[in-house]
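Pasting model25.json here (JSON, C-alpha atoms and all ligand atoms):
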[["chain", "number", "residue", "atom", "x", "y", "z"],
["A", 23, "MET", "CA", -236.13, -283.26, -30.10],
["A", 24, "ASN", "CA", -233.52, -283.10, -32.85],
["A", 25, "ALA", "CA", -233.86, -285.69, -35.56],
["A", 26, "PRO", "CA", -230.82, -287.97, -35.54],
["A", 27, "ALA", "CA", -228.25, -287.31, -38.24],
["A", 28, "LYS", "CA", -227.72, -291.05, -38.52],
["A", 29, "THR", "CA", -229.62, -292.18, -41.58],
["A", 30, "ASP", "CA", -228.36, -295.70, -42.17],
["A", 31, "ASN", "CA", -231.75, -297.33, -41.99],
["A", 32, "ALA", "CA", -233.25, -298.99, -45.02],
["A", 33, "GLU", "CA", -236.16, -296.58, -45.00],
["A", 34, "LEU", "CA", -234.10, -293.49, -45.77],
["A", 35, "ILE", "CA", -236.28, -291.28, -47.90],
["A", 36, "VAL", "CA", -234.40, -289.73, -50.78],
["A", 37, "PRO", "CA", -236.26, -286.88, -52.49],
["A", 38, "GLU", "CA", -236.48, -287.14, -56.25],
["A", 39, "GLY", "CA", -233.68, -285.64, -58.33],
["A", 40, "VAL", "CA", -231.27, -285.64, -55.41],
["A", 41, "TYR", "CA", -228.13, -287.69, -54.74],
["A", 42, "ALA", "CA", -227.76, -289.51, -51.41],
["A", 43, "GLU", "CA", -224.04, -289.99, -50.78],
["A", 44, "THR", "CA", -222.14, -291.88, -48.09],
["A", 45, "VAL", "CA", -219.99, -290.02, -45.56],
["A", 46, "LEU", "CA", -216.42, -291.35, -45.65],
["A", 47, "SER", "CA", -214.68, -289.30, -42.96],
["A", 48, "VAL", "CA", -215.33, -286.44, -40.55],
["A", 49, "THR", "CA", -212.67, -284.22, -38.95],
["A", 50, "HIS", "CA", -213.61, -281.79, -36.18],
["A", 51, "TYR", "CA", -211.25, -278.82, -35.92],
["A", 52, "THR", "CA", -212.87, -276.72, -33.22],
["A", 53, "ASP", "CA", -216.26, -276.59, -31.55],
["A", 54, "ARG", "CA", -217.31, -274.36, -34.47],
["A", 55, "LEU", "CA", -215.67, -276.02, -37.50],
["A", 56, "PHE", "CA", -215.52, -279.44, -39.14],
["A", 57, "ARG", "CA", -214.72, -281.05, -42.45],
["A", 58, "PHE", "CA", -216.32, -284.09, -44.03],
["A", 59, "ARG", "CA", -215.69, -286.15, -47.13],
["A", 60, "MET", "CA", -218.29, -288.22, -48.94],
["A", 61, "THR", "CA", -218.63, -290.35, -52.04],
["A", 62, "ARG", "CA", -218.96, -288.56, -55.38],
["A", 63, "PRO", "CA", -221.86, -289.66, -57.55],
["A", 64, "ALA", "CA", -220.89, -291.12, -60.91],
["A", 65, "GLY", "CA", -221.67, -288.45, -63.49],
["A", 66, "PHE", "CA", -221.60, -285.50, -61.05],
["A", 67, "ARG", "CA", -219.50, -282.80, -62.70],
["A", 68, "PHE", "CA", -218.54, -279.41, -61.31],
["A", 69, "ARG", "CA", -215.93, -276.71, -61.79],
["A", 70, "SER", "CA", -213.45, -276.11, -58.97],
["A", 71, "GLY", "CA", -214.78, -273.25, -56.82],
["A", 72, "GLU", "CA", -218.50, -274.00, -57.34],
["A", 73, "PHE", "CA", -221.04, -274.79, -54.63],
["A", 74, "ALA", "CA", -223.81, -277.36, -54.29],
["A", 75, "MET", "CA", -226.92, -277.60, -52.13],
["A", 76, "ILE", "CA", -226.19, -280.07, -49.32],
["A", 77, "GLY", "CA", -228.88, -281.45, -47.07],
["A", 78, "LEU", "CA", -230.24, -283.97, -44.61],
["A", 79, "MET", "CA", -233.65, -285.37, -43.99],
["A", 80, "VAL", "CA", -234.85, -283.79, -40.77],
["A", 81, "GLY", "CA", -237.94, -285.65, -39.80],
["A", 82, "GLU", "CA", -239.95, -285.96, -43.00],
["A", 83, "LYS", "CA", -238.42, -282.91, -44.63],
["A", 84, "PRO", "CA", -235.11, -282.31, -46.43],
["A", 85, "ILE", "CA", -233.19, -279.21, -45.29],
["A", 86, "TYR", "CA", -230.56, -277.81, -47.66],
["A", 87, "ARG", "CA", -227.89, -275.13, -47.49],
["A", 88, "ALA", "CA", -225.37, -273.91, -50.06],
["A", 89, "TYR", "CA", -221.93, -275.41, -49.51],
["A", 90, "SER", "CA", -218.83, -274.73, -51.54],
["A", 91, "ILE", "CA", -217.26, -277.94, -52.74],
["A", 92, "ALA", "CA", -213.83, -277.90, -51.10],
["A", 93, "SER", "CA", -212.35, -280.74, -53.16],
["A", 94, "PRO", "CA", -210.98, -280.10, -56.65],
["A", 95, "ALA", "CA", -212.86, -281.10, -59.81],
["A", 96, "TRP", "CA", -210.53, -284.10, -60.39],
["A", 97, "ASP", "CA", -211.05, -285.69, -56.95],
["A", 98, "GLU", "CA", -212.95, -288.99, -56.72],
["A", 99, "GLU", "CA", -214.50, -287.89, -53.42],
["A", 100, "LEU", "CA", -216.30, -284.69, -52.38],
["A", 101, "GLU", "CA", -215.08, -282.58, -49.46],
["A", 102, "PHE", "CA", -216.92, -279.87, -47.51],
["A", 103, "PHE", "CA", -215.81, -277.53, -44.73],
["A", 104, "SER", "CA", -218.61, -276.45, -42.42],
["A", 105, "ILE", "CA", -219.44, -274.26, -39.51],
["A", 106, "LYS", "CA", -221.43, -275.70, -36.58],
["A", 107, "VAL", "CA", -224.27, -273.49, -35.46],
["A", 108, "PRO", "CA", -225.86, -274.85, -32.24],
["A", 109, "ASP", "CA", -229.40, -274.14, -33.41],
["A", 110, "GLY", "CA", -228.68, -273.90, -37.16],
["A", 111, "PRO", "CA", -231.48, -275.69, -39.05],
["A", 112, "LEU", "CA", -229.01, -277.87, -40.96],
["A", 113, "THR", "CA", -225.68, -277.65, -39.13],
["A", 114, "GLN", "CA", -227.06, -278.71, -35.74],
["A", 115, "HIS", "CA", -227.68, -282.08, -37.43],
["A", 116, "LEU", "CA", -224.85, -282.09, -39.96],
["A", 117, "GLN", "CA", -222.21, -281.66, -37.25],
["A", 118, "ARG", "CA", -223.21, -285.07, -35.87],
["A", 119, "ILE", "CA", -222.74, -287.10, -39.08],
["A", 120, "GLN", "CA", -220.44, -290.09, -38.99],
["A", 121, "PRO", "CA", -218.83, -292.32, -41.61],
["A", 122, "GLY", "CA", -221.52, -294.47, -43.21],
["A", 123, "ASP", "CA", -224.27, -291.86, -42.83],
["A", 124, "ARG", "CA", -225.92, -290.45, -45.92],
["A", 125, "VAL", "CA", -225.94, -286.81, -47.00],
["A", 126, "LEU", "CA", -228.22, -285.39, -49.68],
["A", 127, "MET", "CA", -226.93, -283.27, -52.53],
["A", 128, "ARG", "CA", -228.96, -281.53, -55.21],
["A", 129, "LYS", "CA", -227.75, -282.37, -58.70],
["A", 130, "LYS", "CA", -226.77, -278.99, -60.06],
["A", 131, "PRO", "CA", -223.65, -277.18, -58.84],
["A", 132, "THR", "CA", -223.20, -273.46, -59.56],
["A", 133, "GLY", "CA", -221.17, -270.45, -58.46],
["A", 134, "THR", "CA", -219.09, -267.46, -59.44],
["A", 135, "LEU", "CA", -215.69, -268.34, -57.96],
["A", 136, "VAL", "CA", -214.50, -270.09, -61.09],
["A", 137, "LEU", "CA", -211.41, -269.43, -63.16],
["A", 138, "ASP", "CA", -213.56, -268.82, -66.27],
["A", 139, "ALA", "CA", -215.08, -265.71, -64.64],
["A", 140, "LEU", "CA", -211.69, -263.95, -64.54],
["A", 141, "THR", "CA", -209.80, -262.32, -67.37],
["A", 142, "PRO", "CA", -206.19, -263.50, -67.81],
["A", 143, "GLY", "CA", -203.71, -262.17, -65.24],
["A", 144, "LYS", "CA", -200.48, -263.03, -63.48],
["A", 145, "ARG", "CA", -201.32, -263.09, -59.78],
["A", 146, "LEU", "CA", -204.51, -264.53, -58.29],
["A", 147, "TYR", "CA", -205.58, -263.41, -54.82],
["A", 148, "MET", "CA", -208.10, -265.56, -52.94],
["A", 149, "PHE", "CA", -209.44, -263.58, -49.98],
["A", 150, "SER", "CA", -211.26, -265.65, -47.35],
["A", 151, "THR", "CA", -212.51, -265.50, -43.79],
["A", 152, "GLY", "CA", -213.71, -268.45, -41.71],
["A", 153, "THR", "CA", -215.30, -271.23, -43.77],
["A", 154, "GLY", "CA", -215.02, -268.93, -46.79],
["A", 155, "ILE", "CA", -211.76, -270.77, -47.46],
["A", 156, "ALA", "CA", -213.75, -273.76, -48.81],
["A", 157, "PRO", "CA", -213.98, -272.83, -52.52],
["A", 158, "PHE", "CA", -210.28, -271.97, -52.45],
["A", 159, "ALA", "CA", -209.49, -275.37, -50.92],
["A", 160, "SER", "CA", -210.82, -276.65, -54.22],
["A", 161, "LEU", "CA", -209.05, -274.15, -56.47],
["A", 162, "ILE", "CA", -205.60, -274.42, -54.83],
["A", 163, "ARG", "CA", -205.72, -278.17, -55.50],
["A", 164, "ASP", "CA", -206.63, -277.73, -59.18],
["A", 165, "PRO", "CA", -203.73, -277.76, -61.66],
["A", 166, "GLU", "CA", -205.64, -275.37, -63.96],
["A", 167, "THR", "CA", -205.20, -272.58, -61.38],
["A", 168, "TYR", "CA", -201.43, -272.85, -61.80],
["A", 169, "GLU", "CA", -201.67, -273.09, -65.59],
["A", 170, "LYS", "CA", -203.52, -269.77, -65.62],
["A", 171, "PHE", "CA", -201.58, -267.87, -62.93],
["A", 172, "GLU", "CA", -197.91, -267.46, -62.11],
["A", 173, "GLU", "CA", -198.61, -266.72, -58.46],
["A", 174, "VAL", "CA", -201.54, -267.71, -56.22],
["A", 175, "ILE", "CA", -202.05, -265.96, -52.89],
["A", 176, "LEU", "CA", -204.55, -267.47, -50.45],
["A", 177, "THR", "CA", -205.42, -265.18, -47.54],
["A", 178, "HIS", "CA", -207.35, -266.67, -44.64],
["A", 179, "THR", "CA", -208.43, -264.64, -41.62],
["A", 180, "CYS", "CA", -210.17, -266.11, -38.58],
["A", 181, "ARG", "CA", -210.90, -264.98, -35.07],
["A", 182, "GLU", "CA", -208.68, -267.64, -33.45],
["A", 183, "VAL", "CA", -205.52, -269.56, -34.32],
["A", 184, "ALA", "CA", -207.22, -272.99, -34.05],
["A", 185, "GLU", "CA", -209.58, -271.96, -36.87],
["A", 186, "LEU", "CA", -206.65, -271.63, -39.27],
["A", 187, "LYS", "CA", -205.73, -275.33, -39.03],
["A", 188, "TYR", "CA", -207.79, -276.51, -42.00],
["A", 189, "GLY", "CA", -205.86, -274.08, -44.25],
["A", 190, "PHE", "CA", -202.49, -275.26, -42.96],
["A", 191, "ASP", "CA", -203.54, -278.90, -43.41],
["A", 192, "LEU", "CA", -204.47, -278.16, -47.03],
["A", 193, "VAL", "CA", -201.11, -276.64, -47.84],
["A", 194, "GLU", "CA", -199.34, -279.54, -46.15],
["A", 195, "GLU", "CA", -201.47, -282.00, -48.12],
["A", 196, "ILE", "CA", -200.39, -280.31, -51.35],
["A", 197, "ARG", "CA", -196.74, -280.50, -50.27],
["A", 198, "ASN", "CA", -197.09, -284.22, -49.57],
["A", 199, "HIS", "CA", -198.89, -284.92, -52.82],
["A", 200, "GLU", "CA", -196.38, -286.03, -55.41],
["A", 201, "PHE", "CA", -198.18, -284.81, -58.54],
["A", 202, "LEU", "CA", -199.71, -281.63, -57.07],
["A", 203, "ASN", "CA", -196.55, -280.53, -55.31],
["A", 204, "GLU", "CA", -194.69, -280.58, -58.59],
["A", 205, "ILE", "CA", -197.35, -278.45, -60.31],
["A", 206, "VAL", "CA", -197.78, -276.00, -57.43],
["A", 207, "GLY", "CA", -194.05, -275.59, -56.70],
["A", 208, "ASP", "CA", -193.49, -272.21, -55.06],
["A", 209, "LYS", "CA", -196.43, -270.54, -56.83],
["A", 210, "LEU", "CA", -198.79, -270.84, -53.83],
["A", 211, "LYS", "CA", -198.49, -268.44, -50.89],
["A", 212, "HIS", "CA", -200.68, -268.94, -47.85],
["A", 213, "TYR", "CA", -201.20, -265.80, -45.76],
["A", 214, "ALA", "CA", -203.06, -266.58, -42.52],
["A", 215, "THR", "CA", -204.04, -263.98, -39.93],
["A", 216, "VAL", "CA", -206.14, -263.86, -36.77],
["A", 217, "THR", "CA", -208.07, -261.00, -35.23],
["A", 218, "ARG", "CA", -208.84, -262.01, -31.65],
["A", 219, "GLU", "CA", -205.74, -263.82, -30.39],
["A", 220, "ASP", "CA", -202.01, -263.34, -30.24],
["A", 221, "TYR", "CA", -200.32, -264.52, -33.41],
["A", 222, "PRO", "CA", -197.38, -263.36, -35.53],
["A", 223, "PHE", "CA", -199.81, -262.23, -38.27],
["A", 224, "GLN", "CA", -202.73, -260.23, -36.97],
["A", 225, "GLY", "CA", -205.57, -258.15, -38.32],
["A", 226, "ARG", "CA", -208.44, -258.09, -40.77],
["A", 227, "ILE", "CA", -207.34, -258.56, -44.36],
["A", 228, "THR", "CA", -208.97, -255.26, -45.29],
["A", 229, "ASP", "CA", -206.83, -253.38, -42.74],
["A", 230, "LEU", "CA", -203.72, -255.21, -43.93],
["A", 231, "MET", "CA", -204.47, -254.20, -47.52],
["A", 232, "GLU", "CA", -205.05, -250.59, -46.56],
["A", 233, "SER", "CA", -201.89, -250.34, -44.50],
["A", 234, "GLY", "CA", -199.89, -252.14, -47.21],
["A", 235, "LYS", "CA", -198.65, -254.74, -44.72],
["A", 236, "LEU", "CA", -200.15, -257.58, -46.79],
["A", 237, "TYR", "CA", -197.98, -256.61, -49.76],
["A", 238, "SER", "CA", -194.80, -255.95, -47.80],
["A", 239, "ASP", "CA", -195.16, -259.24, -45.90],
["A", 240, "LEU", "CA", -195.56, -261.10, -49.21],
["A", 241, "GLY", "CA", -192.95, -259.09, -51.07],
["A", 242, "VAL", "CA", -195.34, -258.14, -53.88],
["A", 243, "PRO", "CA", -196.34, -254.72, -55.27],
["A", 244, "PRO", "CA", -199.74, -253.24, -54.33],
["A", 245, "LEU", "CA", -202.81, -254.33, -56.34],
["A", 246, "ASP", "CA", -202.58, -253.57, -60.04],
["A", 247, "PRO", "CA", -205.55, -254.23, -62.37],
["A", 248, "ALA", "CA", -203.16, -255.04, -65.22],
["A", 249, "VAL", "CA", -201.84, -258.18, -63.52],
["A", 250, "ASP", "CA", -203.80, -258.92, -60.34],
["A", 251, "ARG", "CA", -207.05, -260.89, -60.13],
["A", 252, "GLY", "CA", -209.17, -261.56, -57.05],
["A", 253, "MET", "CA", -211.76, -263.91, -55.63],
["A", 254, "ILE", "CA", -213.57, -263.15, -52.37],
["A", 255, "CYS", "CA", -215.47, -265.44, -50.00],
["A", 256, "GLY", "CA", -216.51, -264.61, -46.45],
["A", 257, "SER", "CA", -219.21, -262.92, -44.42],
["A", 258, "SER", "CA", -221.31, -260.29, -46.18],
["A", 259, "ALA", "CA", -219.53, -257.45, -44.34],
["A", 260, "MET", "CA", -216.16, -258.84, -45.40],
["A", 261, "LEU", "CA", -217.31, -259.20, -49.04],
["A", 262, "LYS", "CA", -218.49, -255.62, -49.11],
["A", 263, "ASP", "CA", -215.34, -254.14, -47.57],
["A", 264, "THR", "CA", -212.92, -256.23, -49.63],
["A", 265, "LYS", "CA", -214.82, -255.48, -52.84],
["A", 266, "ALA", "CA", -214.58, -251.74, -52.09],
["A", 267, "LEU", "CA", -210.80, -252.00, -51.76],
["A", 268, "LEU", "CA", -210.42, -253.96, -55.01],
["A", 269, "GLU", "CA", -212.57, -251.40, -56.81],
["A", 270, "LYS", "CA", -210.53, -248.57, -55.32],
["A", 271, "ALA", "CA", -207.45, -250.25, -56.79],
["A", 272, "GLY", "CA", -209.13, -250.20, -60.23],
["A", 273, "LEU", "CA", -210.35, -253.81, -60.49],
["A", 274, "THR", "CA", -213.88, -254.49, -61.77],
["A", 275, "GLU", "CA", -216.26, -257.25, -60.76],
["A", 276, "GLY", "CA", -216.89, -260.07, -63.22],
["A", 277, "ALA", "CA", -219.29, -262.97, -63.59],
["A", 278, "ASN", "CA", -219.54, -266.24, -65.49],
["A", 279, "ASN", "CA", -221.03, -264.51, -68.52],
["A", 280, "LYS", "CA", -218.82, -261.42, -68.22],
["A", 281, "PRO", "CA", -215.27, -262.20, -67.05],
["A", 282, "ALA", "CA", -213.43, -259.33, -65.37],
["A", 283, "GLU", "CA", -210.79, -258.74, -62.67],
["A", 284, "PHE", "CA", -212.47, -260.10, -59.54],
["A", 285, "VAL", "CA", -215.43, -262.24, -58.45],
["A", 286, "ILE", "CA", -217.43, -262.66, -55.24],
["A", 287, "GLU", "CA", -219.40, -265.61, -53.86],
["A", 288, "ARG", "CA", -222.64, -264.35, -52.35],
["A", 289, "ALA", "CA", -224.18, -267.75, -51.59],
["A", 290, "PHE", "CA", -221.87, -268.29, -48.65],
["A", 291, "VAL", "CA", -223.25, -269.84, -45.45],
["A", 292, "GLY", "CA", -221.75, -268.08, -42.46],
["A", 301, "LIG", "P1", -213.06, -259.50, -36.36],
["A", 301, "LIG", "O1", -212.64, -260.47, -35.29],
["A", 301, "LIG", "O2", -212.32, -258.19, -36.29],
["A", 301, "LIG", "O3", -214.56, -259.32, -36.44],
["A", 301, "LIG", "P2", -216.76, -264.01, -38.52],
["A", 301, "LIG", "O4", -216.54, -265.29, -37.75],
["A", 301, "LIG", "O5", -217.47, -262.96, -37.76],
["A", 301, "LIG", "O6", -217.32, -264.24, -39.90],
["A", 301, "LIG", "O7", -215.32, -263.42, -38.75],
["A", 301, "LIG", "C1", -214.28, -264.16, -39.38],
["A", 301, "LIG", "C2", -213.12, -263.23, -39.56],
["A", 301, "LIG", "O8", -213.47, -262.19, -40.49],
["A", 301, "LIG", "C3", -212.73, -262.53, -38.26],
["A", 301, "LIG", "O9", -211.32, -262.56, -38.17],
["A", 301, "LIG", "C4", -213.29, -261.13, -38.44],
["A", 301, "LIG", "O10", -212.56, -260.12, -37.76],
["A", 301, "LIG", "C5", -213.14, -260.93, -39.94],
["A", 301, "LIG", "N1", -214.07, -259.91, -40.43],
["A", 301, "LIG", "C6", -215.31, -259.65, -39.99],
["A", 301, "LIG", "N2", -215.87, -258.63, -40.67],
["A", 301, "LIG", "C7", -214.95, -258.23, -41.55],
["A", 301, "LIG", "C8", -214.93, -257.19, -42.55],
["A", 301, "LIG", "N3", -215.95, -256.37, -42.73],
["A", 301, "LIG", "N4", -213.82, -257.06, -43.30],
["A", 301, "LIG", "C9", -212.77, -257.88, -43.11],
["A", 301, "LIG", "N5", -212.73, -258.87, -42.19],
["A", 301, "LIG", "C10", -213.80, -259.04, -41.40]]
Output the file's structure in the form of structure tokens.
Amino acid sequence: MNAPAKTDNAELIVPEGVYAETVLSVTHYTDRLFRFRMTRPAGFRFRSGEFAMIGLMVGEKPIYRAYSIASPAWDEELEFFSIKVPDGPLTQHLQRIQPGDRVLMRKKPTGTLVLDALTPGKRLYMFSTGTGIAPFASLIRDPETYEKFEEVILTHTCREVAELKYGFDLVEEIRNHEFLNEIVGDKLKHYATVTREDYPFQGRITDLMESGKLYSDLGVPPLDPAVDRGMICGSSAMLKDTKALLEKAGLTEGANNKPAEFVIERAFVG
């Protein structure tokens, strides 16, 4: 039998060196996707775009998976956007959490999708599929992104229209946020497409880059290594294909210790 996700008993075992935080809210988008917010430990610092190891006690044992932190570095709470896998070792339990439950988090965040890993540029592309939007949910809500780039383009491709809702909610939240809206202004463009349903914008992002439709829809010139920077987060096939297109356009891959024109997150949980 599955261990219950509810962990509000006094005997909750918290492994050493791990935070146990309280779930504040849970939003289910589809039968495959949900978002949750939890308390942020005092002293927990991270850079927007990084991921942390999130876990639950399942029976006697903690189970962890890498999760991008979807909230920005300045937020008092932590947000995560997760897939639900029916027999996924962690997500079969995590999808049943409720406000008041406790979630484990290892203390050290890390990751490559950080602004410091990119050389200066004018236009920042964030390419995402599915829950790969999570690190960008953090970065599009961070004022530093808009200090460093004149234009920020978030692409999000999912199989179905309902899976795009989290992205639309994020943009709406920015618009309704007095201080962020002023900073973001018209710098942020959200380009959402689906691949398996009718929708005004259709197709894989890689196909839309190759055909040039992405650029004509946005009214921007094709990729140029002199001004364009990229971040990619999605399934491993999507990472590989998008990376190939960025390299074909003359952009090179960077890392924390060697900033360049684009970065990839390989720790993604699909
Ligand atoms: P498609 O429906 O054509 O497979 P998934 O849920 O499998 O991770 O897919 C999320 C989205 O990413 C889907 O819209 C899917 O399109 C798209 N996708 C899958 N593989 C690739 C790839 N290699 N390059 C670009 N997009 C991809």
Closest contacts (chain A/ligand LIG 301 (chain A), max 6 Å, only C-alpha atoms and all ligand atoms) as CSV:
residue,atom,partner,partner_atom,distance
A:Thr151,CA,A:LIG301,O8,4.8
A:Gly152,CA,A:LIG301,C1,4.9
A:Thr179,CA,A:LIG301,O9,5.0
A:Cys180,CA,A:LIG301,O9,3.8
A:Arg181,CA,A:LIG301,O9,4.0
A:Val216,CA,A:LIG301,O9,5.5
A:Thr217,CA,A:LIG301,O1,4.6
A:Arg218,CA,A:LIG301,O1,5.5
A:Arg226,CA,A:LIG301,N5,4.6
A:Ile227,CA,A:LIG301,C9,5.6
A:Thr228,CA,A:LIG301,C9,5.1
A:Ser257,CA,A:LIG301,O6,5.1
A:Ala259,CA,A:LIG301,N3,4.1
A:Met260,CA,A:LIG301,C8,3.5
A:Asp263,CA,A:LIG301,N3,5.4
Generate a file of the selected residues that holds C-alpha atoms, formatted as a CSV table (one decimal), in the coordinates of the input.
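Generated file (selection-v8.csv):
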chain,number,residue,atom,x,y,z
A,151,THR,CA,-212.5,-265.5,-43.8
A,152,GLY,CA,-213.7,-268.4,-41.7
A,179,THR,CA,-208.4,-264.6,-41.6
A,180,CYS,CA,-210.2,-266.1,-38.6
A,181,ARG,CA,-210.9,-265.0,-35.1
A,216,VAL,CA,-206.1,-263.9,-36.8
A,217,THR,CA,-208.1,-261.0,-35.2
A,218,ARG,CA,-208.8,-262.0,-31.6
A,226,ARG,CA,-208.4,-258.1,-40.8
A,227,ILE,CA,-207.3,-258.6,-44.4
A,228,THR,CA,-209.0,-255.3,-45.3
A,257,SER,CA,-219.2,-262.9,-44.4
A,259,ALA,CA,-219.5,-257.4,-44.3
A,260,MET,CA,-216.2,-258.8,-45.4
A,263,ASP,CA,-215.3,-254.1,-47.6
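If you measure from each of A:Val206, A:Pro244, A:Val174, A:His212 to A:Lys270 using all atoms listed in the file, the closest one turns out to be A:Pro244.
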How many Å separate atom CA of A:Ile286 from atom CA of A:Lys187?
23.7 Å
Grab the atom CA of A:Thr167 to atom CA of A:Arg145 distance for me, in Å with one decimal place.
10.4 Å
With all atoms listed in the file as the basis for distance, which of A:Gly276, A:Pro121, A:Pro131, A:Pro37 is at the shortest distance from A:Tyr89?
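For A:Tyr89, the nearest of the given residues is A:Pro131.
Of note, atom CA of A:Arg128 and atom CA of A:Ile76 are spaced 6.7 Å apart.
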Determine, counting all atoms listed in the file, which protein, DNA and RNA residues have an atom within 9 Å of an atom of A:Arg288; residues of the same chain fewer than 5 positions away are not included. Present the result as a CSV table (one decimal) with C-alpha atoms, in the coordinates of the input.
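Final output, around.csv:
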chain,number,residue,atom,x,y,z
A,133,GLY,CA,-221.2,-270.4,-58.5
A,134,THR,CA,-219.1,-267.5,-59.4
A,255,CYS,CA,-215.5,-265.4,-50.0
A,256,GLY,CA,-216.5,-264.6,-46.4
A,257,SER,CA,-219.2,-262.9,-44.4
A,258,SER,CA,-221.3,-260.3,-46.2
A,261,LEU,CA,-217.3,-259.2,-49.0
I want to know what sits within 12 Å of stretch 203-205 of chain A, based on only C-alpha atoms, with residues of the same chain fewer than 2 positions away left out; could you give that as a PDB file with C-alpha atoms, keeping the file's coordinate frame?
ATOM      1  CA  ILE A 162    -205.600-274.420 -54.830  1.00  0.00           C
ATOM      2  CA  ARG A 163    -205.720-278.170 -55.500  1.00  0.00           C
ATOM      3  CA  ASP A 164    -206.630-277.730 -59.180  1.00  0.00           C
ATOM      4  CA  PRO A 165    -203.730-277.760 -61.660  1.00  0.00           C
ATOM      5  CA  GLU A 166    -205.640-275.370 -63.960  1.00  0.00           C
ATOM      6  CA  THR A 167    -205.200-272.580 -61.380  1.00  0.00           C
ATOM      7  CA  TYR A 168    -201.430-272.850 -61.800  1.00  0.00           C
ATOM      8  CA  GLU A 169    -201.670-273.090 -65.590  1.00  0.00           C
ATOM      9  CA  LYS A 170    -203.520-269.770 -65.620  1.00  0.00           C
ATOM     10  CA  PHE A 171    -201.580-267.870 -62.930  1.00  0.00           C
ATOM     11  CA  GLU A 172    -197.910-267.460 -62.110  1.00  0.00           C
ATOM     12  CA  GLU A 173    -198.610-266.720 -58.460  1.00  0.00           C
ATOM     13  CA  LEU A 192    -204.470-278.160 -47.030  1.00  0.00           C
ATOM     14  CA  VAL A 193    -201.110-276.640 -47.840  1.00  0.00           C
ATOM     15  CA  GLU A 194    -199.340-279.540 -46.150  1.00  0.00           C
ATOM     16  CA  GLU A 195    -201.470-282.000 -48.120  1.00  0.00           C
ATOM     17  CA  ILE A 196    -200.390-280.310 -51.350  1.00  0.00           C
ATOM     18  CA  ARG A 197    -196.740-280.500 -50.270  1.00  0.00           C
ATOM     19  CA  ASN A 198    -197.090-284.220 -49.570  1.00  0.00           C
ATOM     20  CA  HIS A 199    -198.890-284.920 -52.820  1.00  0.00           C
ATOM     21  CA  GLU A 200    -196.380-286.030 -55.410  1.00  0.00           C
ATOM     22  CA  PHE A 201    -198.180-284.810 -58.540  1.00  0.00           C
ATOM     23  CA  GLY A 207    -194.050-275.590 -56.700  1.00  0.00           C
ATOM     24  CA  ASP A 208    -193.490-272.210 -55.060  1.00  0.00           C
ATOM     25  CA  LYS A 209    -196.430-270.540 -56.830  1.00  0.00           C
ATOM     26  CA  LEU A 210    -198.790-270.840 -53.830  1.00  0.00           C
TER      27      LEU A 210
END
Residue with smallest distance to A:Trp96 - pool A:His115, A:Lys83, A:His50, A:Arg62, counting only C-alpha atoms:
A:Arg62
Selected residue, from A:Asp138, A:Glu185, A:Asp191, A:Asp229, that lies nearest to A:Phe284 when counting only C-alpha atoms
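Using only C-alpha atoms, the shortest distance to A:Phe284 belongs to A:Asp138.
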Kindly indicate which residue among A:Gln224, A:Gln120, A:Thr141, A:Ser90 lies nearest to A:Ile155, using all atoms listed in the file for the distances.
A:Ser90
Go through A:Asp246, A:Asp220, A:Glu38, A:Asp53 one by one, measure the shortest atom-to-atom distance of each to A:Tyr147 using all atoms listed in the file, and give the residue with the smallest value.
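Residue with the minimum atom-to-atom distance to A:Tyr147: A:Asp246.
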Using only C-alpha atoms, which protein or nucleic acid residues come within 12 Å of A:Ala88? Drop anything in the same chain fewer than 2 positions from it, and give the result as a ChimeraX atom specification.
/A:72-77,85-86,90-91,102-104,112-113,126-128,130-133,154,156-157,287-292
Edge lengths and centre in Å to one decimal, as AutoDock Vina command-line options, of the axis-aligned box that encloses all listed atoms of stretch 33-45 of chain A with 5 Å added on every side?
--center_x -228.2 --center_y -291.1 --center_z -51.7 --size_x 26.5 --size_y 20.9 --size_z 23.3
